[in-house]
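Q: data-v5.txt is the file, holding compact mmCIF, C-alpha atoms and all ligand atoms:
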# COMPACT_ATOMS: atom_id res chain seq x y z
CA MET A 1 -19.66 -71.68 9.83
CA LEU A 2 -22.48 -69.17 9.43
CA LYS A 3 -22.80 -67.45 6.08
CA ALA A 4 -23.45 -63.70 6.31
CA ALA A 5 -24.56 -61.00 3.89
CA VAL A 6 -24.45 -57.25 4.49
CA ILE A 7 -27.04 -55.04 2.78
CA GLY A 8 -26.11 -51.36 2.68
CA LEU A 9 -22.40 -50.52 2.46
CA GLY A 10 -22.47 -46.99 3.84
CA VAL A 11 -21.07 -45.75 7.14
CA ILE A 12 -22.27 -48.59 9.38
CA GLY A 13 -22.15 -51.40 6.81
CA LYS A 14 -18.35 -51.30 7.04
CA VAL A 15 -18.50 -51.72 10.83
CA HIS A 16 -20.63 -54.87 10.33
CA ILE A 17 -18.23 -56.25 7.73
CA SER A 18 -15.22 -55.88 10.01
CA ALA A 19 -17.20 -57.35 12.93
CA ILE A 20 -18.20 -60.42 10.84
CA GLU A 21 -14.61 -60.79 9.63
CA SER A 22 -13.39 -60.86 13.24
CA LEU A 23 -15.60 -63.85 14.18
CA GLU A 24 -14.31 -67.40 13.89
CA ASN A 25 -17.74 -68.93 13.24
CA ALA A 26 -18.81 -66.52 10.45
CA LYS A 27 -18.02 -65.96 6.81
CA LEU A 28 -19.11 -62.97 4.74
CA VAL A 29 -20.38 -64.43 1.47
CA ALA A 30 -22.23 -61.50 -0.13
CA ALA A 31 -22.72 -57.76 0.09
CA CYS A 32 -25.22 -55.45 -1.56
CA ASP A 33 -25.63 -51.75 -2.23
CA ILE A 34 -27.66 -49.99 -4.91
CA ASP A 35 -24.64 -47.78 -5.45
CA PRO A 36 -22.11 -49.84 -7.49
CA ASP A 37 -19.31 -47.51 -6.37
CA ARG A 38 -19.70 -48.92 -2.85
CA ASN A 39 -18.23 -52.21 -4.10
CA VAL A 40 -14.78 -51.30 -2.81
CA ASN A 41 -12.52 -52.90 -0.23
CA LEU A 42 -14.77 -55.94 0.07
CA PRO A 43 -12.86 -58.97 1.33
CA HIS A 44 -11.67 -61.32 -1.44
CA GLY A 45 -14.33 -63.74 -2.71
CA VAL A 46 -17.35 -61.79 -1.46
CA ALA A 47 -20.06 -61.58 -4.14
CA PHE A 48 -21.39 -58.06 -4.73
CA TYR A 49 -24.97 -57.24 -5.79
CA THR A 50 -26.83 -54.02 -6.46
CA ASP A 51 -30.24 -55.59 -5.87
CA TYR A 52 -30.93 -57.53 -2.68
CA GLY A 53 -33.78 -59.45 -4.39
CA GLU A 54 -31.23 -60.73 -6.91
CA MET A 55 -28.83 -61.51 -4.07
CA LEU A 56 -31.57 -63.56 -2.40
CA ARG A 57 -32.19 -65.56 -5.56
CA ARG A 58 -28.49 -66.48 -5.92
CA GLU A 59 -27.23 -66.73 -2.33
CA LYS A 60 -28.63 -68.42 0.73
CA PRO A 61 -26.96 -66.68 3.67
CA ASP A 62 -27.78 -67.74 7.23
CA VAL A 63 -27.94 -64.08 8.31
CA ALA A 64 -28.67 -60.85 6.48
CA HIS A 65 -27.36 -57.65 8.10
CA ILE A 66 -29.66 -54.73 7.35
CA CYS A 67 -27.60 -51.51 7.25
CA LEU A 68 -30.05 -49.53 5.15
CA PRO A 69 -31.93 -46.21 5.44
CA HIS A 70 -34.74 -46.55 7.99
CA PHE A 71 -37.67 -46.82 5.55
CA LEU A 72 -36.13 -49.99 4.12
CA HIS A 73 -35.63 -51.80 7.45
CA TYR A 74 -39.07 -53.42 7.61
CA PRO A 75 -39.55 -54.29 3.90
CA ALA A 76 -36.03 -55.75 3.67
CA ALA A 77 -36.40 -57.74 6.91
CA LYS A 78 -39.76 -59.09 5.69
CA LYS A 79 -38.24 -60.22 2.42
CA PHE A 80 -35.37 -62.05 4.15
CA ALA A 81 -37.64 -63.53 6.83
CA GLU A 82 -40.03 -64.84 4.15
CA ALA A 83 -37.06 -66.64 2.60
CA GLY A 84 -36.21 -68.21 5.99
CA ILE A 85 -33.13 -66.05 6.52
CA ASN A 86 -32.25 -64.69 9.98
CA VAL A 87 -31.78 -60.95 10.28
CA PHE A 88 -29.45 -58.70 12.21
CA THR A 89 -30.93 -55.24 11.81
CA GLU A 90 -29.59 -51.80 12.51
CA LYS A 91 -31.67 -49.46 14.64
CA PRO A 92 -34.29 -48.06 14.65
CA LEU A 93 -36.47 -51.15 14.35
CA ALA A 94 -38.80 -49.27 12.00
CA LEU A 95 -39.95 -45.80 10.97
CA ASN A 96 -42.42 -45.60 13.86
CA ALA A 97 -44.15 -47.79 16.47
CA ALA A 98 -47.00 -48.82 14.13
CA GLU A 99 -44.57 -50.23 11.58
CA GLY A 100 -42.50 -51.66 14.46
CA GLU A 101 -45.53 -53.66 15.62
CA GLU A 102 -45.78 -55.28 12.18
CA TYR A 103 -42.07 -55.97 12.32
CA CYS A 104 -42.47 -57.82 15.64
CA LYS A 105 -44.67 -60.44 13.95
CA LEU A 106 -41.91 -61.62 11.58
CA GLU A 107 -39.98 -63.93 13.94
CA ASN A 108 -42.99 -66.10 14.75
CA GLN A 109 -44.59 -65.83 11.34
CA TYR A 110 -41.54 -67.09 9.46
CA GLY A 111 -39.68 -69.04 12.18
CA VAL A 112 -36.52 -66.93 11.94
CA LYS A 113 -34.46 -65.04 14.51
CA ILE A 114 -34.14 -61.25 14.28
CA CYS A 115 -31.68 -59.31 16.43
CA LEU A 116 -31.97 -55.53 16.82
CA CYS A 117 -28.70 -53.61 17.02
CA PHE A 118 -29.07 -51.79 20.32
CA GLN A 119 -25.39 -52.50 20.90
CA ASN A 120 -25.12 -50.08 23.83
CA ARG A 121 -27.12 -52.53 25.94
CA LEU A 122 -23.96 -54.64 25.93
CA ASN A 123 -21.59 -51.87 27.03
CA SER A 124 -19.85 -52.86 30.28
CA THR A 125 -21.26 -49.73 31.96
CA THR A 126 -24.84 -50.56 30.89
CA GLU A 127 -24.55 -54.19 31.93
CA ALA A 128 -23.11 -53.28 35.35
CA LEU A 129 -25.74 -50.61 36.08
CA HIS A 130 -28.63 -52.76 34.89
CA LYS A 131 -27.49 -55.58 37.17
CA ILE A 132 -27.26 -53.19 40.16
CA LEU A 133 -30.75 -51.80 39.48
CA GLN A 134 -32.22 -55.27 39.05
CA SER A 135 -30.71 -56.38 42.37
CA GLY A 136 -32.89 -53.85 44.22
CA GLU A 137 -30.00 -53.08 46.59
CA TYR A 138 -30.48 -49.32 46.11
CA GLY A 139 -34.27 -49.38 46.19
CA LYS A 140 -36.57 -48.32 43.38
CA VAL A 141 -35.45 -46.15 40.46
CA THR A 142 -36.94 -42.67 40.92
CA GLY A 143 -35.42 -40.65 38.08
CA ILE A 144 -33.31 -41.00 34.95
CA ARG A 145 -31.79 -38.23 32.90
CA GLY A 146 -30.24 -38.92 29.51
CA SER A 147 -28.44 -36.24 27.50
CA VAL A 148 -26.96 -36.38 24.02
CA ALA A 149 -25.03 -33.33 22.76
CA TRP A 150 -23.44 -34.14 19.42
CA TYR A 151 -22.70 -32.35 16.16
CA ARG A 152 -23.60 -33.31 12.60
CA SER A 153 -22.50 -31.12 9.71
CA LYS A 154 -24.59 -30.19 6.67
CA HIS A 155 -22.36 -32.58 4.71
CA TYR A 156 -23.77 -35.45 6.81
CA TYR A 157 -27.19 -34.84 5.19
CA GLU A 158 -25.69 -34.24 1.75
CA GLU A 159 -23.84 -37.59 1.71
CA GLY A 160 -27.02 -39.40 2.84
CA PRO A 161 -30.00 -37.26 1.79
CA TRP A 162 -32.41 -39.89 3.21
CA ARG A 163 -31.33 -38.76 6.69
CA GLY A 164 -33.07 -35.41 6.24
CA ILE A 165 -36.27 -36.74 4.57
CA MET A 166 -39.00 -37.60 7.07
CA ALA A 167 -40.56 -40.41 4.97
CA GLN A 168 -37.19 -42.15 4.64
CA SER A 169 -35.67 -41.60 8.10
CA GLY A 170 -38.78 -41.35 10.30
CA GLY A 171 -37.08 -38.50 12.17
CA GLY A 172 -33.83 -36.79 13.02
CA VAL A 173 -31.84 -36.72 16.23
CA MET A 174 -34.37 -38.84 18.15
CA THR A 175 -34.65 -41.61 15.56
CA ASN A 176 -31.14 -41.57 14.23
CA GLN A 177 -28.75 -40.64 17.04
CA ALA A 178 -30.46 -40.54 20.45
CA ILE A 179 -32.62 -43.66 20.14
CA HIS A 180 -29.91 -45.59 21.99
CA THR A 181 -30.17 -43.17 24.93
CA LEU A 182 -33.98 -43.25 24.93
CA ASP A 183 -33.77 -47.03 24.92
CA LEU A 184 -31.42 -46.99 27.91
CA ILE A 185 -33.63 -44.53 29.81
CA GLN A 186 -36.58 -46.93 29.54
CA TYR A 187 -34.34 -49.98 30.08
CA PHE A 188 -33.02 -48.54 33.36
CA ALA A 189 -36.53 -47.41 34.38
CA GLY A 190 -37.53 -51.06 34.02
CA SER A 191 -41.17 -50.13 33.48
CA PRO A 192 -43.36 -49.00 30.57
CA ALA A 193 -43.80 -45.30 29.81
CA THR A 194 -47.28 -44.03 30.67
CA ARG A 195 -47.09 -40.31 29.85
CA VAL A 196 -44.85 -38.14 27.69
CA LYS A 197 -44.62 -34.39 27.17
CA GLY A 198 -42.01 -33.19 24.76
CA SER A 199 -40.84 -30.71 22.22
CA ILE A 200 -38.79 -30.89 19.02
CA GLY A 201 -37.24 -28.28 16.75
CA GLN A 202 -34.27 -27.20 14.72
CA VAL A 203 -31.33 -25.12 15.91
CA LEU A 204 -29.34 -25.81 12.73
CA ASP A 205 -30.20 -24.20 9.44
CA TYR A 206 -29.76 -27.09 7.01
CA GLY A 207 -33.12 -27.00 5.23
CA VAL A 208 -33.91 -30.64 6.13
CA GLU A 209 -37.31 -31.97 7.24
CA VAL A 210 -36.25 -33.66 10.46
CA GLU A 211 -35.68 -32.40 14.00
CA ASP A 212 -32.12 -31.77 15.15
CA THR A 213 -33.06 -31.05 18.77
CA ALA A 214 -35.55 -32.69 21.13
CA THR A 215 -36.53 -32.84 24.75
CA GLY A 216 -39.00 -34.99 26.62
CA ARG A 217 -40.30 -35.69 30.10
CA ILE A 218 -41.39 -39.29 30.50
CA SER A 219 -43.47 -40.79 33.32
CA PHE A 220 -43.06 -44.52 33.89
CA ALA A 221 -45.63 -46.90 35.38
CA ASN A 222 -43.42 -47.59 38.42
CA GLY A 223 -43.36 -43.87 39.34
CA ALA A 224 -39.92 -43.08 37.90
CA THR A 225 -39.50 -39.89 35.88
CA GLY A 226 -37.30 -39.72 32.81
CA PHE A 227 -35.84 -36.53 31.37
CA PHE A 228 -34.32 -36.63 27.91
CA THR A 229 -32.47 -33.99 25.93
CA ALA A 230 -30.79 -34.50 22.58
CA SER A 231 -29.28 -32.29 19.94
CA ILE A 232 -26.86 -32.54 17.06
CA GLY A 233 -26.47 -28.75 17.18
CA ASN A 234 -23.61 -28.89 19.72
CA PHE A 235 -20.10 -27.75 18.68
CA ALA A 236 -18.73 -31.33 18.88
CA ASP A 237 -19.64 -34.88 19.88
CA GLU A 238 -19.56 -34.90 23.65
CA ASN A 239 -20.02 -38.09 25.64
CA VAL A 240 -23.58 -39.20 26.29
CA GLU A 241 -24.52 -38.80 29.95
CA ILE A 242 -27.06 -40.89 31.81
CA ASN A 243 -27.81 -40.24 35.48
CA VAL A 244 -29.95 -42.66 37.44
CA PHE A 245 -31.38 -41.84 40.85
CA CYS A 246 -32.64 -44.57 43.17
CA GLU A 247 -34.24 -44.40 46.61
CA LYS A 248 -30.91 -45.28 48.24
CA GLY A 249 -28.22 -44.15 45.82
CA ALA A 250 -27.31 -42.48 42.55
CA PHE A 251 -25.31 -43.51 39.49
CA ALA A 252 -23.89 -41.80 36.44
CA ILE A 253 -22.65 -43.12 33.13
CA ARG A 254 -20.26 -40.49 31.88
CA ASP A 255 -17.02 -40.49 29.88
CA ASN A 256 -17.57 -44.18 29.16
CA LYS A 257 -17.43 -45.00 32.87
CA LEU A 258 -20.06 -45.93 35.41
CA PHE A 259 -19.85 -44.04 38.72
CA CYS A 260 -21.65 -44.61 41.99
CA ILE A 261 -22.29 -41.17 43.49
CA ASP A 262 -22.39 -40.56 47.21
CA GLY A 263 -22.59 -36.84 47.98
CA ASP A 264 -19.48 -35.33 46.43
CA LYS A 265 -17.70 -38.71 46.31
CA GLU A 266 -17.67 -40.74 43.09
CA GLU A 267 -16.57 -44.34 42.78
CA ALA A 268 -15.90 -45.77 39.30
CA LEU A 269 -17.59 -49.18 39.01
CA ALA A 270 -17.09 -50.11 35.35
CA SER A 271 -15.71 -48.71 32.13
CA ASN A 272 -16.19 -49.37 28.42
CA SER A 273 -13.21 -50.37 26.33
CA SER A 274 -12.01 -47.64 23.98
CA ASP A 275 -11.26 -50.16 21.22
CA TYR A 276 -13.81 -48.71 18.80
CA ALA A 277 -14.93 -50.11 15.47
CA GLY A 278 -16.05 -47.03 13.53
CA LYS A 279 -16.81 -43.72 15.24
CA ALA A 280 -16.31 -43.48 19.03
CA VAL A 281 -19.96 -42.41 19.44
CA TYR A 282 -21.13 -45.85 18.21
CA GLY A 283 -19.42 -47.42 21.24
CA ASN A 284 -17.64 -50.72 20.84
CA SER A 285 -20.33 -53.31 21.32
CA HIS A 286 -21.29 -54.08 17.71
CA VAL A 287 -18.90 -57.05 17.66
CA LYS A 288 -20.13 -58.22 21.07
CA LEU A 289 -23.79 -58.19 19.99
CA ILE A 290 -23.15 -59.79 16.57
CA ASP A 291 -21.06 -62.49 18.29
CA THR A 292 -23.83 -63.07 20.85
CA PHE A 293 -26.43 -63.44 18.08
CA TYR A 294 -24.28 -65.79 15.99
CA LYS A 295 -23.73 -68.03 19.03
CA VAL A 296 -27.52 -68.20 19.48
CA LEU A 297 -27.92 -69.15 15.81
CA GLU A 298 -25.29 -71.88 16.20
CA ASN A 299 -26.72 -73.25 19.45
CA GLY A 300 -30.37 -72.80 18.53
CA SER A 301 -31.20 -70.86 21.70
CA GLY A 302 -29.98 -68.10 24.04
CA TRP A 303 -30.45 -64.41 24.74
CA TYR A 304 -30.37 -61.71 22.08
CA ILE A 305 -32.23 -58.42 21.49
CA HIS A 306 -35.62 -59.30 19.96
CA PRO A 307 -37.58 -56.80 17.80
CA GLU A 308 -40.04 -56.19 20.70
CA GLU A 309 -37.19 -54.45 22.54
CA GLY A 310 -37.25 -51.79 19.83
CA LEU A 311 -40.85 -50.75 20.46
CA PRO A 312 -40.65 -48.73 23.73
CA SER A 313 -38.18 -46.17 22.32
CA LEU A 314 -40.24 -45.84 19.12
CA ARG A 315 -43.40 -45.24 21.17
CA ILE A 316 -41.66 -42.53 23.22
CA ILE A 317 -40.33 -40.88 20.04
CA ASP A 318 -43.80 -40.93 18.44
CA ALA A 319 -45.22 -39.42 21.65
CA ILE A 320 -42.62 -36.63 21.88
CA ARG A 321 -43.35 -35.77 18.25
CA GLU A 322 -47.11 -35.82 18.84
CA SER A 323 -46.80 -33.79 22.06
CA SER A 324 -44.67 -31.19 20.31
CA ARG A 325 -47.29 -30.89 17.56
CA THR A 326 -50.27 -30.54 19.88
CA GLY A 327 -48.65 -28.93 22.92
CA LYS A 328 -50.32 -31.59 25.08
CA THR A 329 -49.22 -34.52 27.21
CA VAL A 330 -49.55 -37.89 25.47
CA ASN A 331 -50.99 -40.64 27.67
CA PHE A 332 -50.36 -44.24 26.63
N1 LIG B 1 -25.96 -48.76 15.80
C1 LIG B 1 -25.36 -47.61 15.59
O1 LIG B 1 -24.72 -47.04 16.47
C2 LIG B 1 -25.47 -46.96 14.24
C3 LIG B 1 -24.54 -45.99 13.83
C4 LIG B 1 -24.69 -45.44 12.54
C5 LIG B 1 -25.75 -45.82 11.70
N2 LIG B 1 -26.63 -46.75 12.17
C6 LIG B 1 -27.79 -47.16 11.35
O2 LIG B 1 -27.31 -47.84 10.19
C7 LIG B 1 -28.22 -47.64 9.10
C8 LIG B 1 -27.48 -47.06 7.91
O3 LIG B 1 -26.93 -45.81 8.30
P1 LIG B 1 -25.63 -45.24 7.57
O4 LIG B 1 -25.26 -44.01 8.33
O5 LIG B 1 -24.63 -46.31 7.35
O6 LIG B 1 -26.28 -44.80 6.17
P2 LIG B 1 -25.55 -44.59 4.78
O7 LIG B 1 -26.39 -43.68 3.99
O8 LIG B 1 -24.11 -44.24 5.02
O9 LIG B 1 -25.59 -46.07 4.17
C9 LIG B 1 -26.77 -46.64 3.65
C10 LIG B 1 -26.40 -47.43 2.41
O10 LIG B 1 -27.55 -48.12 1.92
C11 LIG B 1 -27.51 -48.09 0.51
N3 LIG B 1 -28.84 -48.36 0.00
C12 LIG B 1 -29.93 -47.54 -0.06
N4 LIG B 1 -30.98 -48.17 -0.60
C13 LIG B 1 -30.58 -49.45 -0.86
C14 LIG B 1 -31.22 -50.60 -1.38
N5 LIG B 1 -32.52 -50.58 -1.76
N6 LIG B 1 -30.48 -51.75 -1.53
C15 LIG B 1 -29.19 -51.78 -1.16
N7 LIG B 1 -28.52 -50.71 -0.65
C16 LIG B 1 -29.20 -49.57 -0.50
C17 LIG B 1 -27.00 -46.70 0.18
O11 LIG B 1 -26.48 -46.62 -1.16
C18 LIG B 1 -25.92 -46.53 1.25
O12 LIG B 1 -24.66 -46.97 0.80
C19 LIG B 1 -29.31 -46.73 9.66
O13 LIG B 1 -30.36 -47.53 10.11
C20 LIG B 1 -28.64 -46.02 10.83
O14 LIG B 1 -29.57 -45.57 11.81
C21 LIG B 1 -26.51 -47.33 13.40
Could you render the structure from this file as structure tokens?

A:
Amino acid sequence: MLKAAVIGLGVIGKVHISAIESLENAKLVAACDIDPDRNVNLPHGVAFYTDYGEMLRREKPDVAHICLPHFLHYPAAKKFAEAGINVFTEKPLALNAAEGEEYCKLENQYGVKICLCFQNRLNSTTEALHKILQSGEYGKVTGIRGSVAWYRSKHYYEEGPWRGIMAQSGGGVMTNQAIHTLDLIQYFAGSPATRVKGSIGQVLDYGVEVEDTATGRISFANGATGFFTASIGNFADENVEINVFCEKGAFAIRDNKLFCIDGDKEEALASNSSDYAGKAVYGNSHVKLIDTFYKVLENGSGWYIHPEEGLPSLRIIDAIRESSRTGKTVNF
């Protein structure tokens, strides 16, 4: 039985708690939040702390789940790794690529395993499309478009002020919401980004420091072109859309289904379950990824999402931000 601790009991911390509770090989032993009022509805027998340093001194969990504001991801992971504790961390890996590179040293330095929560990589639609692209049956990938059109109210920033402060969040819609889509764009491209031109701004009038809208054109080393648009200024949360064009075919992930597109004919190839934990926009793969990671911890080996997988999206975000500031293309 693996002993788990969850640090940060806000919106996503609860999703982690219910995921851990659903696993047969895991037991939640401790939880931590600096806000003592967040010590509600914890399962019976779970120790609550307001200081994760204190929690570390008293508990020895096998895994610490980091569900904290972005500026705390790296320092918290370092502290747990130093104590020999494995980490399951929420996205983004870090505030930016430079901090992410430091983060990537932790697994080897301290001999622990760290899994990054890019849960959408485990969606049935993602898995099916990635397998098709890897097979080469449709030729090379030539273009990928990813679009996120969601809505976040002013209240969203009021209940978590860190989300609107650049030094604490590292960014807005790109870093917080659309990083999953940027990750999938580069994952489907299957090649490193070489050039990025982009633009960021605000279409909402919330008085926060971070962008609510972004667009970017990404060139990949294998010749594929990525086009990314994201905003939380839409009227509602619409489904994320990802279109992938190959030399001999085209695919779309839309409405939680994967379609193969042939002219005006569409064939559904896979669909995601609608059994969501938390908001529908998070998808339903948190449990799947946590379960995958815990099995690796039990068996001592196996596939999971290493911190290095979090770097490409951070590099693209940094480049879009830089390009928007200078008006120039960023070459890697
Ligand atoms: N994977 C996903 O789809 C997904 C979805 C939502 C959020 N997230 C990520 O989850 C993380 C948390 O986001 P959220 O929306 O739940 O934020 P939140 O503000 O709702 O929760 C963060 C919690 O951390 C607590 N906290 C702050 N500093 C602390 C400290 N030093 N020690 C202990 N607790 C502390 C806060 O009191 C708060 O309860 C972010 O990284 C976010 O990007 C991921």

Q: Up to 8 Å from (-39.8, -55.7, 7.9) in the file's coordinates: name the residues, counting only C-alpha atoms, as a PyMOL selection string.

A: chain A and resi 72-79+94+102-103+106

Q: Just to confirm, what's the straight-line distance from CA of Asp255 in chain A to CA of Asn272 in chain A in Å (one decimal)?

A: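 A separation of 9.0 Å between them.
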
Q: Around ligand LIG 1 (chain B), at most 8 Å away and counting all atoms listed in the file, which residues are there? Put them as number ranges by chain, please.

A: A: 7-13, 32-35, 38, 50-52, 66-70, 72-73, 89-92, 117-120, 159-163, 175-177, 180, 281-283, 286

Q: Emit the selected residues as an mmCIF file, keeping the file's coordinate frame, including C-alpha atoms.

A:
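Output below, filename part_5.cif:
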data_model
loop_
_atom_site.group_PDB
_atom_site.id
_atom_site.type_symbol
_atom_site.label_atom_id
_atom_site.label_comp_id
_atom_site.auth_asym_id
_atom_site.auth_seq_id
_atom_site.Cartn_x
_atom_site.Cartn_y
_atom_site.Cartn_z
ATOM 1 C CA ILE A 7 -27.040 -55.040 2.780
ATOM 2 C CA GLY A 8 -26.110 -51.360 2.680
ATOM 3 C CA LEU A 9 -22.400 -50.520 2.460
ATOM 4 C CA GLY A 10 -22.470 -46.990 3.840
ATOM 5 C CA VAL A 11 -21.070 -45.750 7.140
ATOM 6 C CA ILE A 12 -22.270 -48.590 9.380
ATOM 7 C CA GLY A 13 -22.150 -51.400 6.810
ATOM 8 C CA CYS A 32 -25.220 -55.450 -1.560
ATOM 9 C CA ASP A 33 -25.630 -51.750 -2.230
ATOM 10 C CA ILE A 34 -27.660 -49.990 -4.910
ATOM 11 C CA ASP A 35 -24.640 -47.780 -5.450
ATOM 12 C CA ARG A 38 -19.700 -48.920 -2.850
ATOM 13 C CA THR A 50 -26.830 -54.020 -6.460
ATOM 14 C CA ASP A 51 -30.240 -55.590 -5.870
ATOM 15 C CA TYR A 52 -30.930 -57.530 -2.680
ATOM 16 C CA ILE A 66 -29.660 -54.730 7.350
ATOM 17 C CA CYS A 67 -27.600 -51.510 7.250
ATOM 18 C CA LEU A 68 -30.050 -49.530 5.150
ATOM 19 C CA PRO A 69 -31.930 -46.210 5.440
ATOM 20 C CA HIS A 70 -34.740 -46.550 7.990
ATOM 21 C CA LEU A 72 -36.130 -49.990 4.120
ATOM 22 C CA HIS A 73 -35.630 -51.800 7.450
ATOM 23 C CA THR A 89 -30.930 -55.240 11.810
ATOM 24 C CA GLU A 90 -29.590 -51.800 12.510
ATOM 25 C CA LYS A 91 -31.670 -49.460 14.640
ATOM 26 C CA PRO A 92 -34.290 -48.060 14.650
ATOM 27 C CA CYS A 117 -28.700 -53.610 17.020
ATOM 28 C CA PHE A 118 -29.070 -51.790 20.320
ATOM 29 C CA GLN A 119 -25.390 -52.500 20.900
ATOM 30 C CA ASN A 120 -25.120 -50.080 23.830
ATOM 31 C CA GLU A 159 -23.840 -37.590 1.710
ATOM 32 C CA GLY A 160 -27.020 -39.400 2.840
ATOM 33 C CA PRO A 161 -30.000 -37.260 1.790
ATOM 34 C CA TRP A 162 -32.410 -39.890 3.210
ATOM 35 C CA ARG A 163 -31.330 -38.760 6.690
ATOM 36 C CA THR A 175 -34.650 -41.610 15.560
ATOM 37 C CA ASN A 176 -31.140 -41.570 14.230
ATOM 38 C CA GLN A 177 -28.750 -40.640 17.040
ATOM 39 C CA HIS A 180 -29.910 -45.590 21.990
ATOM 40 C CA VAL A 281 -19.960 -42.410 19.440
ATOM 41 C CA TYR A 282 -21.130 -45.850 18.210
ATOM 42 C CA GLY A 283 -19.420 -47.420 21.240
ATOM 43 C CA HIS A 286 -21.290 -54.080 17.710
#

Q: Show which residues sit within 12 Å of Glu309 in chain A, as a list in words. Count only C-alpha atoms, and ignore same-chain residues fewer than 6 positions away.

A: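 Result of the neighbour search: Lys91, Pro92, Leu93, Ala94, Ala97, Gly100, Glu101, Tyr103, Cys104, Ile114, Cys115, Leu116, Cys117, Phe118, Arg121, Ile179, His180, Leu182, Asp183, Leu184, Gln186, Tyr187, Gly190, Pro192 and Arg315 of chain A.
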
Q: Can I get the selected residues back with C-alpha atoms, as an mmCIF file, in the frame of the given file?

A:
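Final output, saved to part23.cif:
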data_model
loop_
_atom_site.group_PDB
_atom_site.id
_atom_site.type_symbol
_atom_site.label_atom_id
_atom_site.label_comp_id
_atom_site.auth_asym_id
_atom_site.auth_seq_id
_atom_site.Cartn_x
_atom_site.Cartn_y
_atom_site.Cartn_z
ATOM 1 C CA LYS A 91 -31.670 -49.460 14.640
ATOM 2 C CA PRO A 92 -34.290 -48.060 14.650
ATOM 3 C CA LEU A 93 -36.470 -51.150 14.350
ATOM 4 C CA ALA A 94 -38.800 -49.270 12.000
ATOM 5 C CA ALA A 97 -44.150 -47.790 16.470
ATOM 6 C CA GLY A 100 -42.500 -51.660 14.460
ATOM 7 C CA GLU A 101 -45.530 -53.660 15.620
ATOM 8 C CA TYR A 103 -42.070 -55.970 12.320
ATOM 9 C CA CYS A 104 -42.470 -57.820 15.640
ATOM 10 C CA ILE A 114 -34.140 -61.250 14.280
ATOM 11 C CA CYS A 115 -31.680 -59.310 16.430
ATOM 12 C CA LEU A 116 -31.970 -55.530 16.820
ATOM 13 C CA CYS A 117 -28.700 -53.610 17.020
ATOM 14 C CA PHE A 118 -29.070 -51.790 20.320
ATOM 15 C CA ARG A 121 -27.120 -52.530 25.940
ATOM 16 C CA ILE A 179 -32.620 -43.660 20.140
ATOM 17 C CA HIS A 180 -29.910 -45.590 21.990
ATOM 18 C CA LEU A 182 -33.980 -43.250 24.930
ATOM 19 C CA ASP A 183 -33.770 -47.030 24.920
ATOM 20 C CA LEU A 184 -31.420 -46.990 27.910
ATOM 21 C CA GLN A 186 -36.580 -46.930 29.540
ATOM 22 C CA TYR A 187 -34.340 -49.980 30.080
ATOM 23 C CA GLY A 190 -37.530 -51.060 34.020
ATOM 24 C CA PRO A 192 -43.360 -49.000 30.570
ATOM 25 C CA ARG A 315 -43.400 -45.240 21.170
#

Q: For Phe332 in chain A, which of A:Ile232, A:Ala167, A:Ala193, A:Val210 is the closest residue, counting all atoms listed in the file?

A: A:Ala193

Q: Please determine, counting only C-alpha atoms, which residue among A:Leu204, A:Met166, A:Val173, A:Ala149 has the shortest atom-to-atom distance to Asn234 in chain A.

A: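 Closest candidate: A:Ala149.
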
Q: Can you work out which one of A:Gln168, A:Asn243, A:Asn41, A:Ser191 has the shortest atom-to-atom distance to Glu209 in chain A, counting all atoms listed in the file?

A: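 Smallest distance to Glu209 in chain A is found for A:Gln168.
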
Q: Kindly give the distance, in Å, that separates CA of Phe88 in chain A and CA of Ser147 in chain A, rounded to a single decimal.

A: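 A separation of 27.2 Å between them.
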
Q: Return the single residue from A:Glu241, A:Ala26, A:Ile317, A:Ile17 that is closest to Glu298 in chain A, with distances computed using all atoms listed in the file.

A: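 Going through A:Glu241, A:Ala26, A:Ile317, A:Ile17 one by one, the smallest distance to Glu298 in chain A is for A:Ala26.
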
Q: List as an MDAnalysis selection string the protein and nucleic acid residues near Ser199 in chain A, meaning an atom at most 12 Å away when only C-alpha atoms are counted, but skip any in the same chain fewer than 2 places from it.

A: chainID A and resid 174 196:197 201:202 211:218 227:231 316:330

Q: Write out the residues from the selection above, keeping C-alpha atoms, as a compact mmCIF listing (two decimals), in the frame of the given file.

A:
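Result went into again03.txt, see below:
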# COMPACT_ATOMS: atom_id res chain seq x y z
CA MET A 174 -34.37 -38.84 18.15
CA VAL A 196 -44.85 -38.14 27.69
CA LYS A 197 -44.62 -34.39 27.17
CA GLY A 201 -37.24 -28.28 16.75
CA GLN A 202 -34.27 -27.20 14.72
CA GLU A 211 -35.68 -32.40 14.00
CA ASP A 212 -32.12 -31.77 15.15
CA THR A 213 -33.06 -31.05 18.77
CA ALA A 214 -35.55 -32.69 21.13
CA THR A 215 -36.53 -32.84 24.75
CA GLY A 216 -39.00 -34.99 26.62
CA ARG A 217 -40.30 -35.69 30.10
CA ILE A 218 -41.39 -39.29 30.50
CA PHE A 227 -35.84 -36.53 31.37
CA PHE A 228 -34.32 -36.63 27.91
CA THR A 229 -32.47 -33.99 25.93
CA ALA A 230 -30.79 -34.50 22.58
CA SER A 231 -29.28 -32.29 19.94
CA ILE A 316 -41.66 -42.53 23.22
CA ILE A 317 -40.33 -40.88 20.04
CA ASP A 318 -43.80 -40.93 18.44
CA ALA A 319 -45.22 -39.42 21.65
CA ILE A 320 -42.62 -36.63 21.88
CA ARG A 321 -43.35 -35.77 18.25
CA GLU A 322 -47.11 -35.82 18.84
CA SER A 323 -46.80 -33.79 22.06
CA SER A 324 -44.67 -31.19 20.31
CA ARG A 325 -47.29 -30.89 17.56
CA THR A 326 -50.27 -30.54 19.88
CA GLY A 327 -48.65 -28.93 22.92
CA LYS A 328 -50.32 -31.59 25.08
CA THR A 329 -49.22 -34.52 27.21
CA VAL A 330 -49.55 -37.89 25.47
